[in-house]
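Asker: Below is the file input.cif, which contains mmCIF, C-alpha atoms.
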```
data_my_file
#
loop_
_atom_site.group_PDB
_atom_site.id
_atom_site.type_symbol
_atom_site.label_atom_id
_atom_site.label_comp_id
_atom_site.auth_asym_id
_atom_site.auth_seq_id
_atom_site.Cartn_x
_atom_site.Cartn_y
_atom_site.Cartn_z
ATOM 1 C CA MET J 16 237.518 23.607 55.315
ATOM 2 C CA ALA J 17 236.311 21.199 52.629
ATOM 3 C CA PRO J 18 236.514 22.828 49.190
ATOM 4 C CA GLY J 19 233.307 24.178 47.656
ATOM 5 C CA ASN J 20 231.572 23.963 50.985
ATOM 6 C CA ASP J 21 231.084 27.657 51.748
ATOM 7 C CA GLU J 22 227.429 27.756 50.791
ATOM 8 C CA ASP J 23 226.488 24.704 52.866
ATOM 9 C CA LEU J 24 228.398 26.015 55.859
ATOM 10 C CA ALA J 25 226.631 29.368 55.613
ATOM 11 C CA LEU J 26 223.242 27.672 55.326
ATOM 12 C CA SER J 27 224.014 25.402 58.246
ATOM 13 C CA ARG J 28 225.011 28.375 60.391
ATOM 14 C CA ARG J 29 221.750 30.083 59.524
ATOM 15 C CA ALA J 30 219.897 26.868 60.380
ATOM 16 C CA ALA J 31 221.699 26.724 63.727
ATOM 17 C CA ALA J 32 220.375 30.231 64.392
ATOM 18 C CA GLY J 33 216.840 28.959 63.764
ATOM 19 C CA ASP J 34 216.403 29.805 60.071
ATOM 20 C CA SER J 35 214.221 26.965 58.806
ATOM 21 C CA ALA J 36 214.190 28.324 55.231
ATOM 22 C CA ALA J 37 217.968 27.964 55.095
ATOM 23 C CA PHE J 38 217.676 24.422 56.362
ATOM 24 C CA ALA J 39 215.007 23.646 53.759
ATOM 25 C CA MET J 40 217.550 24.649 51.105
ATOM 26 C CA LEU J 41 220.014 22.168 52.576
ATOM 27 C CA VAL J 42 217.353 19.446 52.551
ATOM 28 C CA GLU J 43 216.508 20.231 48.921
ATOM 29 C CA LYS J 44 220.144 20.004 47.957
ATOM 30 C CA HIS J 45 221.054 16.820 49.797
ATOM 31 C CA GLU J 46 217.921 14.665 49.956
ATOM 32 C CA ARG J 47 218.473 13.128 46.524
ATOM 33 C CA PRO J 48 221.938 11.591 47.084
ATOM 34 C CA LEU J 49 221.166 10.667 50.688
ATOM 35 C CA ARG J 50 217.958 8.832 49.860
ATOM 36 C CA ALA J 51 219.598 7.186 46.857
ATOM 37 C CA PHE J 52 222.398 5.915 49.087
ATOM 38 C CA LEU J 53 220.012 4.610 51.739
ATOM 39 C CA MET J 54 217.932 2.897 49.085
ATOM 40 C CA ARG J 55 220.992 1.296 47.476
ATOM 41 C CA MET J 56 221.977 0.022 50.902
ATOM 42 C CA GLY J 57 218.662 -1.797 51.155
ATOM 43 C CA THR J 58 217.688 0.241 54.195
ATOM 44 C CA ALA J 59 214.288 -0.533 55.619
ATOM 45 C CA GLU J 60 212.094 2.537 55.078
ATOM 46 C CA PRO J 61 214.872 4.734 53.675
ATOM 47 C CA ASP J 62 212.722 7.869 53.667
ATOM 48 C CA ASP J 63 212.045 7.572 57.397
ATOM 49 C CA VAL J 64 215.744 7.143 58.091
ATOM 50 C CA ALA J 65 216.544 10.115 55.849
ATOM 51 C CA GLN J 66 213.964 12.247 57.667
ATOM 52 C CA GLU J 67 215.412 11.230 61.011
ATOM 53 C CA ALA J 68 218.885 12.150 59.753
ATOM 54 C CA PHE J 69 217.721 15.581 58.609
ATOM 55 C CA LEU J 70 215.969 16.136 61.924
ATOM 56 C CA LYS J 71 219.214 15.389 63.758
ATOM 57 C CA ALA J 72 221.141 17.584 61.334
ATOM 58 C CA TRP J 73 218.734 20.394 62.268
ATOM 59 C CA ARG J 74 219.139 19.758 65.998
ATOM 60 C CA PHE J 75 222.908 19.674 65.802
ATOM 61 C CA ALA J 76 223.373 22.231 63.018
ATOM 62 C CA GLY J 77 225.600 24.244 65.311
ATOM 63 C CA GLN J 78 228.071 21.376 65.482
ATOM 64 C CA TYR J 79 228.798 21.371 61.758
ATOM 65 C CA ASP J 80 232.126 23.149 61.358
ATOM 66 C CA GLY J 81 232.679 22.786 57.611
ATOM 67 C CA ARG J 82 235.810 20.652 57.894
ATOM 68 C CA ALA J 83 234.109 17.818 56.033
ATOM 69 C CA ARG J 84 231.656 18.269 53.169
ATOM 70 C CA TYR J 85 228.091 18.739 54.380
ATOM 71 C CA SER J 86 227.014 15.612 52.488
ATOM 72 C CA THR J 87 229.689 13.604 54.305
ATOM 73 C CA TRP J 88 228.583 14.937 57.686
ATOM 74 C CA LEU J 89 224.935 14.269 56.872
ATOM 75 C CA THR J 90 225.577 10.774 55.569
ATOM 76 C CA ARG J 91 227.481 9.999 58.760
ATOM 77 C CA ILE J 92 224.396 10.973 60.753
ATOM 78 C CA ALA J 93 222.158 8.938 58.442
ATOM 79 C CA TRP J 94 224.479 5.947 58.754
ATOM 80 C CA ARG J 95 224.050 5.996 62.541
ATOM 81 C CA CYS J 96 220.293 6.481 62.184
ATOM 82 C CA ARG J 97 220.236 3.482 59.872
ATOM 83 C CA ILE J 98 222.122 1.345 62.388
ATOM 84 C CA ASP J 99 219.764 2.457 65.170
ATOM 85 C CA ALA J 100 216.714 1.732 63.033
ATOM 86 C CA ALA J 101 218.110 -1.675 62.123
ATOM 87 C CA ARG J 102 218.704 -2.435 65.790
ATOM 88 C CA ARG J 103 215.157 -1.469 66.583
ATOM 89 C CA ARG J 104 213.938 -3.801 63.922
ATOM 90 C CA SER J 105 216.435 -6.496 64.949
ATOM 91 C CA SER J 106 217.402 -7.040 61.363
ATOM 92 C CA ALA J 107 220.240 -5.148 59.783
ATOM 93 C CA VAL J 108 219.047 -5.260 56.227
ATOM 94 C CA GLN J 109 215.541 -5.433 54.903
ATOM 95 C CA ASP J 110 214.604 -7.480 51.931
ATOM 96 C CA LEU J 111 217.165 -6.435 49.361
ATOM 97 C CA GLU J 112 214.540 -6.301 46.681
ATOM 98 C CA GLN J 113 214.061 -2.753 47.885
ATOM 99 C CA ALA J 114 217.482 -1.850 46.553
ATOM 100 C CA GLY J 115 216.131 -2.441 43.105
ATOM 101 C CA THR J 116 213.249 -0.020 43.260
ATOM 102 C CA GLY J 117 213.224 3.324 41.525
ATOM 103 C CA THR J 118 215.563 3.742 38.633
ATOM 104 C CA CYS J 119 218.137 1.237 39.873
ATOM 105 C CA ARG J 120 218.334 -1.431 37.303
ATOM 106 C CA ALA J 121 217.513 -4.942 38.403
ATOM 107 C CA GLU J 122 220.940 -6.261 37.524
ATOM 108 C CA VAL J 123 222.638 -3.625 39.653
ATOM 109 C CA ALA J 124 220.305 -4.366 42.558
ATOM 110 C CA ASP J 125 221.136 -8.017 42.160
ATOM 111 C CA MET J 126 224.858 -7.284 42.123
ATOM 112 C CA LEU J 127 224.638 -5.114 45.230
ATOM 113 C CA ALA J 128 222.562 -7.701 47.022
ATOM 114 C CA ARG J 129 225.384 -10.198 46.636
ATOM 115 C CA LEU J 130 227.934 -7.908 48.261
ATOM 116 C CA GLY J 131 228.594 -7.543 51.947
ATOM 117 C CA GLU J 132 227.259 -4.438 53.631
ATOM 118 C CA GLY J 133 230.661 -2.746 53.895
ATOM 119 C CA GLU J 134 231.492 -3.586 50.287
ATOM 120 C CA ARG J 135 228.166 -2.245 49.107
ATOM 121 C CA ALA J 136 228.485 1.018 51.025
ATOM 122 C CA ALA J 137 232.078 1.561 49.925
ATOM 123 C CA LEU J 138 231.261 0.841 46.292
ATOM 124 C CA VAL J 139 228.152 3.034 46.159
ATOM 125 C CA LEU J 140 229.864 5.969 47.857
ATOM 126 C CA CYS J 141 233.164 5.859 45.992
ATOM 127 C CA GLU J 142 231.962 4.790 42.549
ATOM 128 C CA GLY J 143 228.506 6.324 42.475
ATOM 129 C CA HIS J 144 228.534 9.335 44.784
ATOM 130 C CA GLY J 145 232.040 10.630 44.148
ATOM 131 C CA TRP J 146 233.270 10.274 47.705
ATOM 132 C CA THR J 147 236.989 10.112 48.279
ATOM 133 C CA HIS J 148 238.378 6.902 49.759
ATOM 134 C CA GLN J 149 239.292 8.883 52.862
ATOM 135 C CA GLU J 150 235.711 10.089 53.373
ATOM 136 C CA ALA J 151 234.265 6.611 52.913
ATOM 137 C CA ALA J 152 236.886 5.115 55.234
ATOM 138 C CA GLU J 153 235.888 7.557 57.959
ATOM 139 C CA LEU J 154 232.204 6.823 57.547
ATOM 140 C CA LEU J 155 232.674 3.070 57.604
ATOM 141 C CA ALA J 156 235.298 3.239 60.363
ATOM 142 C CA MET J 157 237.845 1.378 58.258
ATOM 143 C CA PRO J 158 241.549 2.015 57.717
ATOM 144 C CA LEU J 159 242.159 3.687 54.365
ATOM 145 C CA GLY J 160 244.016 0.681 52.953
ATOM 146 C CA THR J 161 241.214 -1.666 53.964
ATOM 147 C CA LEU J 162 238.665 0.607 52.354
ATOM 148 C CA LYS J 163 240.604 0.709 49.099
ATOM 149 C CA SER J 164 240.882 -3.053 48.971
ATOM 150 C CA THR J 165 237.186 -3.371 49.882
ATOM 151 C CA VAL J 166 236.218 -1.158 46.934
ATOM 152 C CA ALA J 167 238.513 -3.072 44.614
ATOM 153 C CA ARG J 168 237.122 -6.410 45.800
ATOM 154 C CA ALA J 169 233.532 -5.213 45.415
ATOM 155 C CA LYS J 170 234.280 -3.974 41.908
ATOM 156 C CA ASP J 171 235.899 -7.261 40.979
ATOM 157 C CA LYS J 172 232.879 -9.182 42.219
ATOM 158 C CA CYS J 173 230.523 -6.922 40.271
ATOM 159 C CA ARG J 174 232.698 -7.184 37.173
ATOM 160 C CA ALA J 175 232.617 -10.960 37.402
ATOM 161 C CA MET J 176 228.826 -10.924 37.756
ATOM 162 C CA TRP J 177 228.502 -8.426 34.918
ATOM 163 C CA SER J 178 230.730 -10.489 32.618
ATOM 164 C CA GLY J 179 228.724 -13.549 33.503
ATOM 165 C CA ASP J 180 225.487 -11.757 32.695
ATOM 166 C CA SER J 181 226.670 -10.185 29.478
ATOM 167 C CA ALA J 182 228.335 -13.388 28.257
ATOM 168 C CA MET M 18 240.516 -3.004 31.356
ATOM 169 C CA SER M 19 238.220 -0.861 29.287
ATOM 170 C CA ASP M 20 235.280 -3.170 28.710
ATOM 171 C CA GLY M 21 232.603 -0.585 29.491
ATOM 172 C CA PHE M 22 232.120 -1.990 32.964
ATOM 173 C CA ASP M 23 233.454 1.082 34.741
ATOM 174 C CA SER M 24 231.121 3.469 32.951
ATOM 175 C CA PHE M 25 228.239 1.028 33.450
ATOM 176 C CA LEU M 26 228.916 0.786 37.177
ATOM 177 C CA HIS M 27 229.444 4.509 37.583
ATOM 178 C CA GLY M 28 226.210 5.306 35.759
ATOM 179 C CA ALA M 29 224.229 2.683 37.606
ATOM 180 C CA LEU M 30 225.375 3.735 41.066
ATOM 181 C CA GLN M 31 224.938 7.470 40.601
ATOM 182 C CA PRO M 32 221.902 9.017 42.293
ATOM 183 C CA GLU M 33 219.103 9.433 39.786
ATOM 184 C CA ALA M 34 218.921 12.845 38.136
ATOM 185 C CA ARG M 35 215.726 14.559 39.241
ATOM 186 C CA ASP M 36 214.424 17.777 40.741
ATOM 187 C CA PRO M 37 214.330 18.134 44.523
ATOM 188 C CA ASP M 38 211.417 16.262 46.094
ATOM 189 C CA ARG M 39 209.313 19.118 47.523
ATOM 190 C CA ARG M 40 207.026 16.733 49.368
ATOM 191 C CA PHE M 41 209.952 15.201 51.182
ATOM 192 C CA VAL M 42 211.296 18.653 52.063
ATOM 193 C CA ALA M 43 207.846 19.633 53.354
ATOM 194 C CA ARG M 44 207.657 16.474 55.472
ATOM 195 C CA VAL M 45 211.036 17.233 57.044
ATOM 196 C CA GLN M 46 209.965 20.806 57.732
ATOM 197 C CA ALA M 47 206.730 19.600 59.294
ATOM 198 C CA ARG M 48 208.633 17.281 61.631
ATOM 199 C CA ILE M 49 210.951 20.114 62.594
ATOM 200 C CA ALA M 50 207.961 22.361 63.279
ATOM 201 C CA VAL M 51 206.337 19.716 65.469
ATOM 202 C CA GLU M 52 209.546 19.207 67.394
ATOM 203 C CA ALA M 53 210.018 22.941 67.934
ATOM 204 C CA HIS M 54 206.404 23.262 69.068
ATOM 205 C CA LEU M 55 206.758 20.406 71.543
ATOM 206 C CA ARG M 56 209.983 21.891 72.870
ATOM 207 C CA ALA M 57 208.293 25.249 73.403
ATOM 208 C CA GLN M 58 205.383 23.547 75.155
ATOM 209 C CA ARG M 59 207.740 21.597 77.383
ATOM 210 C CA ARG M 60 209.559 24.795 78.285
ATOM 211 C CA GLY M 61 206.250 26.505 79.059
ATOM 212 C CA THR M 62 205.112 23.643 81.261
ATOM 213 C CA LEU M 63 208.368 23.666 83.197
ATOM 214 C CA ARG M 64 208.118 27.429 83.686
ATOM 215 C CA GLN M 65 204.539 27.040 84.916
ATOM 216 C CA LEU M 66 205.570 24.283 87.309
ATOM 217 C CA ALA M 67 208.317 26.461 88.720
ATOM 218 C CA VAL M 68 205.873 29.338 89.240
ATOM 219 C CA GLN M 69 203.432 27.005 90.990
ATOM 220 C CA LEU M 70 206.112 25.606 93.277
ATOM 221 C CA VAL M 71 207.184 29.104 94.250
ATOM 222 C CA GLY M 72 203.534 30.009 94.860
ATOM 223 C CA ILE M 73 202.919 26.972 97.051
ATOM 224 C CA ALA M 74 206.079 27.639 99.018
ATOM 225 C CA GLY M 75 204.996 31.262 99.524
ATOM 226 C CA VAL M 76 201.530 30.295 100.718
ATOM 227 C CA ALA M 77 202.950 27.618 103.022
ATOM 228 C CA ALA M 78 205.400 30.120 104.502
ATOM 229 C CA GLY M 79 202.537 32.574 105.039
ATOM 230 C CA VAL M 80 200.434 29.946 106.809
ATOM 231 C CA VAL M 81 203.321 28.978 109.079
ATOM 232 C CA TRP M 82 204.004 32.616 109.865
ATOM 233 C CA LEU M 83 200.315 33.244 110.676
ATOM 234 C CA GLY M 84 200.137 30.085 112.779
ATOM 235 C CA ARG M 85 202.975 31.330 114.912
ATOM 236 C CA ALA M 86 201.055 34.462 115.901
ATOM 237 C CA GLU M 87 199.829 34.023 119.447
ATOM 238 C CA SER M 88 196.227 35.125 118.890
ATOM 239 C CA VAL M 89 195.794 32.911 115.841
ATOM 240 C CA ASP M 90 197.435 29.992 117.591
ATOM 241 C CA ARG M 91 195.100 30.403 120.537
ATOM 242 C CA PHE M 92 192.022 30.716 118.306
ATOM 243 C CA PHE M 93 192.855 27.586 116.355
ATOM 244 C CA GLY M 94 193.778 25.785 119.555
ATOM 245 C CA GLU M 95 190.364 26.508 120.967
ATOM 246 C CA SER M 96 188.421 25.680 117.802
ATOM 247 C CA PRO M 97 190.248 23.089 115.671
ATOM 248 C CA ALA M 98 187.178 22.688 113.417
ATOM 249 C CA TRP M 99 187.647 26.264 112.240
ATOM 250 C CA ALA M 100 191.314 25.568 111.649
ATOM 251 C CA LEU M 101 190.431 22.591 109.475
ATOM 252 C CA CYS M 102 187.863 24.672 107.555
ATOM 253 C CA ALA M 103 190.404 27.438 106.986
ATOM 254 C CA MET M 104 193.024 24.964 105.740
ATOM 255 C CA LEU M 105 190.559 23.283 103.378
ATOM 256 C CA SER M 106 189.351 26.634 102.052
ATOM 257 C CA LEU M 107 192.902 27.727 101.435
ATOM 258 C CA PHE M 108 193.674 24.479 99.652
ATOM 259 C CA ALA M 109 190.538 24.817 97.489
ATOM 260 C CA LEU M 110 191.454 28.410 96.637
ATOM 261 C CA MET M 111 194.951 27.384 95.594
ATOM 262 C CA LEU M 112 193.557 24.535 93.533
ATOM 263 C CA VAL M 113 191.181 26.898 91.711
ATOM 264 C CA LEU M 114 193.937 29.451 91.173
ATOM 265 C CA PHE M 115 196.452 27.004 89.743
ATOM 266 C CA THR M 116 194.085 24.972 87.599
ATOM 267 C CA SER M 117 192.533 28.066 86.039
ATOM 268 C CA GLN M 118 195.921 29.183 84.626
ATOM 269 C CA LYS M 119 196.125 28.698 80.876
ATOM 270 C CA VAL M 120 198.939 26.554 79.536
ATOM 271 C CA GLU M 121 201.266 28.778 77.610
ATOM 272 C CA GLN M 122 201.336 27.781 73.954
ATOM 273 C CA SER M 123 203.925 30.031 72.452
ATOM 274 C CA PRO M 124 204.937 29.430 68.832
ATOM 275 C CA ALA M 125 208.260 27.779 68.175
ATOM 276 C CA LYS M 126 211.078 30.191 68.784
ATOM 277 C CA SER M 127 213.088 28.878 65.891
ATOM 278 C CA TYR M 128 210.410 29.642 63.288
ATOM 279 C CA LYS M 129 210.647 33.316 62.647
#
```
Let me see the file written as structure tokens.
Answerer:
Amino acid sequence: MAPGNDEDLALSRRAAAGDSAAFAMLVEKHERPLRAFLMRMGTAEPDDVAQEAFLKAWRFAGQYDGRARYSTWLTRIAWRCRIDAARRRSSAVQDLEQAGTGTCRAEVADMLARLGEGERAALVLCEGHGWTHQEAAELLAMPLGTLKSTVARAKDKCRAMWSGDSA
Amino acid sequence: MSDGFDSFLHGALQPEARDPDRRFVARVQARIAVEAHLRAQRRGTLRQLAVQLVGIAGVAAGVVWLGRAESVDRFFGESPAWALCAMLSLFALMLVLFTSQKVEQSPAKSYK
């Protein structure tokens, strides 16, 4: 089992048994990072995608076995929801201006907008959300080595942009 | 290279620090409630359909069984208009019986 995951596993089991209050606690705990990630990714209507992901997490609560962190499992669901939503819209990424809303500084939004989708996701998850390289590699369906080099490349690009801006 | 970039990037990419968004949580719960309600309704409708099919089959079997009785067969053979009237009356009765049944609207099972 993933370390420090006992509480989420217990809540998920209660949710699988139909306890909506337990599931509400999971939503409260995980909506912030999930929505932040979807927003950083420039997802069209990130809140709708997040809601869809939570709805699926509720439907399939019984399938969560605690081997991965709950946030990892949930983000995996949201990632697929995002792809489905993008397919429905026939455009993978909405106007990337959206990535700069909220508290995300304009320069960061600009940096992220210049990265590829895989680079952006890998960078946000590993540098911002504390995911391990292994977790991010599984989500993005990349070999671990490729993921590591993707993160490094994304960081280098951002560093170059940052140096250019601050110079 | 310790030029402050790493801490800048880490800080900028972290999810914003804030309290849980209760409105978002409520919206998710509302969607779950709607889904559970629809599922319960669907289950109720299917159960009702099954009951109706069994009822129709029972009535049809009864009619066939009655029709095989010699006296009934002879009566209907001699007066087909009465046979038609009886069939139509039976059909109307069944229609009234089935359409007057209330659709079961049980609350969602998963919301105790």
Asker: Restrict the distance test to all atoms listed in the file, flag each residue of chain J within 8 Å of chain M, and return the flagged residues as a PyMOL selection string.
Answerer: chain J and resi 32-35+39+42-44+46-48+51-52+66+69-70+73+118-120+123+139+142-144+174+177
Asker: Taking the file as I've supplied it (selection: the PyMOL selection byres ((chain J and resi 173) around 9)), which residues are included? Please answer as a ChimeraX atom specification.
Answerer: /J:123,126-127,129-130,168-172,174-178 /M:22,26
Asker: One decimal, Å: what's the distance from CA of Val166 in chain J over to CA of Ala124 in chain J, could you say?
Answerer: 16.8 Å
Asker: Figure out the distance between CA of Met56 in chain J and CA of Arg135 in chain J, please, to one decimal in Å.
Answerer: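 If I compute the distance from CA of Arg135 in chain J to CA of Met56 in chain J, I get 6.8 Å.
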Asker: So what do you get for CA of Ala78 in chain M versus CA of Glu95 in chain M, distance-wise?
Answerer: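 It comes out at 22.6 Å.
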Asker: For range 92-109 of chain M, take all atoms listed in the file, fit an axis-aligned box around them, add 3 Å to each of the six sides, then output centre and edge lengths in Å rounded to one decimal, as JSON.
Answerer:
```
{"center_x": 190.5, "center_y": 26.7, "center_z": 109.2, "size_x": 12.6, "size_y": 14.1, "size_z": 29.5}
```
Asker: Using only C-alpha atoms for the distances, tell me which of J:Lys163, J:His45, J:Arg50, J:Arg28 is nearest to Arg97 in chain J.
Answerer: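 Comparing J:Lys163, J:His45, J:Arg50, J:Arg28 against Arg97 in chain J, the winner is J:Arg50.
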Asker: What would the selection look like, as JSON, numbers by chain, if the PyMOL selection byres ((chain J and resi 90) around 12) were run on the coordinates I just shared?
Answerer: {"J": [45, 46, 47, 48, 49, 50, 51, 52, 53, 64, 65, 66, 67, 68, 69, 71, 72, 83, 84, 85, 86, 87, 88, 89, 91, 92, 93, 94, 95, 96, 97, 136, 140, 144, 146, 150, 151, 153, 154, 155]}
Asker: Would you fill the gaps in range 37-65 of chain M so it has N, CA and C atoms, then print it as a PDB file, in the coordinates of the input?
Answerer:
```pdb
ATOM      1  N   PRO M  37     214.531  18.402  43.093  1.00  0.00           N
ATOM      2  CA  PRO M  37     214.330  18.134  44.523  1.00  0.00           C
ATOM      3  C   PRO M  37     212.888  17.709  44.812  1.00  0.00           C
ATOM      4  N   ASP M  38     212.739  16.780  45.721  1.00  0.00           N
ATOM      5  CA  ASP M  38     211.417  16.262  46.094  1.00  0.00           C
ATOM      6  C   ASP M  38     210.792  17.214  47.116  1.00  0.00           C
ATOM      7  N   ARG M  39     209.917  18.092  46.644  1.00  0.00           N
ATOM      8  CA  ARG M  39     209.313  19.118  47.523  1.00  0.00           C
ATOM      9  C   ARG M  39     208.491  18.490  48.638  1.00  0.00           C
ATOM     10  N   ARG M  40     207.866  17.376  48.334  1.00  0.00           N
ATOM     11  CA  ARG M  40     207.026  16.733  49.368  1.00  0.00           C
ATOM     12  C   ARG M  40     207.894  16.228  50.511  1.00  0.00           C
ATOM     13  N   PHE M  41     209.045  15.680  50.139  1.00  0.00           N
ATOM     14  CA  PHE M  41     209.952  15.201  51.182  1.00  0.00           C
ATOM     15  C   PHE M  41     210.443  16.374  52.029  1.00  0.00           C
ATOM     16  N   VAL M  42     210.816  17.462  51.351  1.00  0.00           N
ATOM     17  CA  VAL M  42     211.296  18.653  52.063  1.00  0.00           C
ATOM     18  C   VAL M  42     210.212  19.159  53.013  1.00  0.00           C
ATOM     19  N   ALA M  43     208.967  19.160  52.519  1.00  0.00           N
ATOM     20  CA  ALA M  43     207.846  19.633  53.354  1.00  0.00           C
ATOM     21  C   ALA M  43     207.650  18.726  54.563  1.00  0.00           C
ATOM     22  N   ARG M  44     207.821  17.418  54.342  1.00  0.00           N
ATOM     23  CA  ARG M  44     207.657  16.474  55.472  1.00  0.00           C
ATOM     24  C   ARG M  44     208.716  16.727  56.539  1.00  0.00           C
ATOM     25  N   VAL M  45     209.957  16.953  56.085  1.00  0.00           N
ATOM     26  CA  VAL M  45     211.036  17.233  57.044  1.00  0.00           C
ATOM     27  C   VAL M  45     210.729  18.515  57.807  1.00  0.00           C
ATOM     28  N   GLN M  46     210.276  19.530  57.069  1.00  0.00           N
ATOM     29  CA  GLN M  46     209.965  20.806  57.732  1.00  0.00           C
ATOM     30  C   GLN M  46     208.823  20.648  58.730  1.00  0.00           C
ATOM     31  N   ALA M  47     207.857  19.821  58.375  1.00  0.00           N
ATOM     32  CA  ALA M  47     206.730  19.600  59.294  1.00  0.00           C
ATOM     33  C   ALA M  47     207.214  18.936  60.578  1.00  0.00           C
ATOM     34  N   ARG M  48     208.107  17.965  60.428  1.00  0.00           N
ATOM     35  CA  ARG M  48     208.633  17.281  61.631  1.00  0.00           C
ATOM     36  C   ARG M  48     209.421  18.246  62.500  1.00  0.00           C
ATOM     37  N   ILE M  49     210.179  19.118  61.845  1.00  0.00           N
ATOM     38  CA  ILE M  49     210.951  20.114  62.594  1.00  0.00           C
ATOM     39  C   ILE M  49     210.000  21.060  63.334  1.00  0.00           C
ATOM     40  N   ALA M  50     208.933  21.450  62.654  1.00  0.00           N
ATOM     41  CA  ALA M  50     207.961  22.361  63.279  1.00  0.00           C
ATOM     42  C   ALA M  50     207.312  21.709  64.490  1.00  0.00           C
ATOM     43  N   VAL M  51     206.960  20.433  64.343  1.00  0.00           N
ATOM     44  CA  VAL M  51     206.337  19.716  65.469  1.00  0.00           C
ATOM     45  C   VAL M  51     207.307  19.640  66.641  1.00  0.00           C
ATOM     46  N   GLU M  52     208.563  19.328  66.322  1.00  0.00           N
ATOM     47  CA  GLU M  52     209.546  19.207  67.394  1.00  0.00           C
ATOM     48  C   GLU M  52     209.745  20.540  68.115  1.00  0.00           C
ATOM     49  N   ALA M  53     209.825  21.617  67.328  1.00  0.00           N
ATOM     50  CA  ALA M  53     210.018  22.941  67.934  1.00  0.00           C
ATOM     51  C   ALA M  53     208.814  23.319  68.787  1.00  0.00           C
ATOM     52  N   HIS M  54     207.624  22.963  68.319  1.00  0.00           N
ATOM     53  CA  HIS M  54     206.404  23.262  69.068  1.00  0.00           C
ATOM     54  C   HIS M  54     206.394  22.496  70.390  1.00  0.00           C
ATOM     55  N   LEU M  55     206.737  21.217  70.322  1.00  0.00           N
ATOM     56  CA  LEU M  55     206.758  20.406  71.543  1.00  0.00           C
ATOM     57  C   LEU M  55     207.789  20.936  72.536  1.00  0.00           C
ATOM     58  N   ARG M  56     208.935  21.375  71.989  1.00  0.00           N
ATOM     59  CA  ARG M  56     209.983  21.891  72.870  1.00  0.00           C
ATOM     60  C   ARG M  56     209.502  23.164  73.579  1.00  0.00           C
ATOM     61  N   ALA M  57     208.810  24.005  72.809  1.00  0.00           N
ATOM     62  CA  ALA M  57     208.293  25.249  73.403  1.00  0.00           C
ATOM     63  C   ALA M  57     207.245  24.940  74.466  1.00  0.00           C
ATOM     64  N   GLN M  58     206.413  23.943  74.181  1.00  0.00           N
ATOM     65  CA  GLN M  58     205.383  23.547  75.155  1.00  0.00           C
ATOM     66  C   GLN M  58     206.016  23.014  76.433  1.00  0.00           C
ATOM     67  N   ARG M  59     207.048  22.193  76.231  1.00  0.00           N
ATOM     68  CA  ARG M  59     207.740  21.597  77.383  1.00  0.00           C
ATOM     69  C   ARG M  59     208.343  22.702  78.245  1.00  0.00           C
ATOM     70  N   ARG M  60     208.944  23.688  77.566  1.00  0.00           N
ATOM     71  CA  ARG M  60     209.559  24.795  78.285  1.00  0.00           C
ATOM     72  C   ARG M  60     208.494  25.576  79.057  1.00  0.00           C
ATOM     73  N   GLY M  61     207.348  25.779  78.415  1.00  0.00           N
ATOM     74  CA  GLY M  61     206.250  26.505  79.059  1.00  0.00           C
ATOM     75  C   GLY M  61     205.732  25.767  80.278  1.00  0.00           C
ATOM     76  N   THR M  62     205.602  24.460  80.147  1.00  0.00           N
ATOM     77  CA  THR M  62     205.112  23.643  81.261  1.00  0.00           C
ATOM     78  C   THR M  62     206.082  23.700  82.432  1.00  0.00           C
ATOM     79  N   LEU M  63     207.362  23.615  82.126  1.00  0.00           N
ATOM     80  CA  LEU M  63     208.368  23.666  83.197  1.00  0.00           C
ATOM     81  C   LEU M  63     208.341  25.017  83.910  1.00  0.00           C
ATOM     82  N   ARG M  64     208.169  26.085  83.100  1.00  0.00           N
ATOM     83  CA  ARG M  64     208.118  27.429  83.686  1.00  0.00           C
ATOM     84  C   ARG M  64     206.900  27.537  84.604  1.00  0.00           C
ATOM     85  N   GLN M  65     205.778  26.986  84.135  1.00  0.00           N
ATOM     86  CA  GLN M  65     204.539  27.040  84.916  1.00  0.00           C
ATOM     87  C   GLN M  65     204.704  26.255  86.225  1.00  0.00           C
TER      88      GLN M  65
END
```
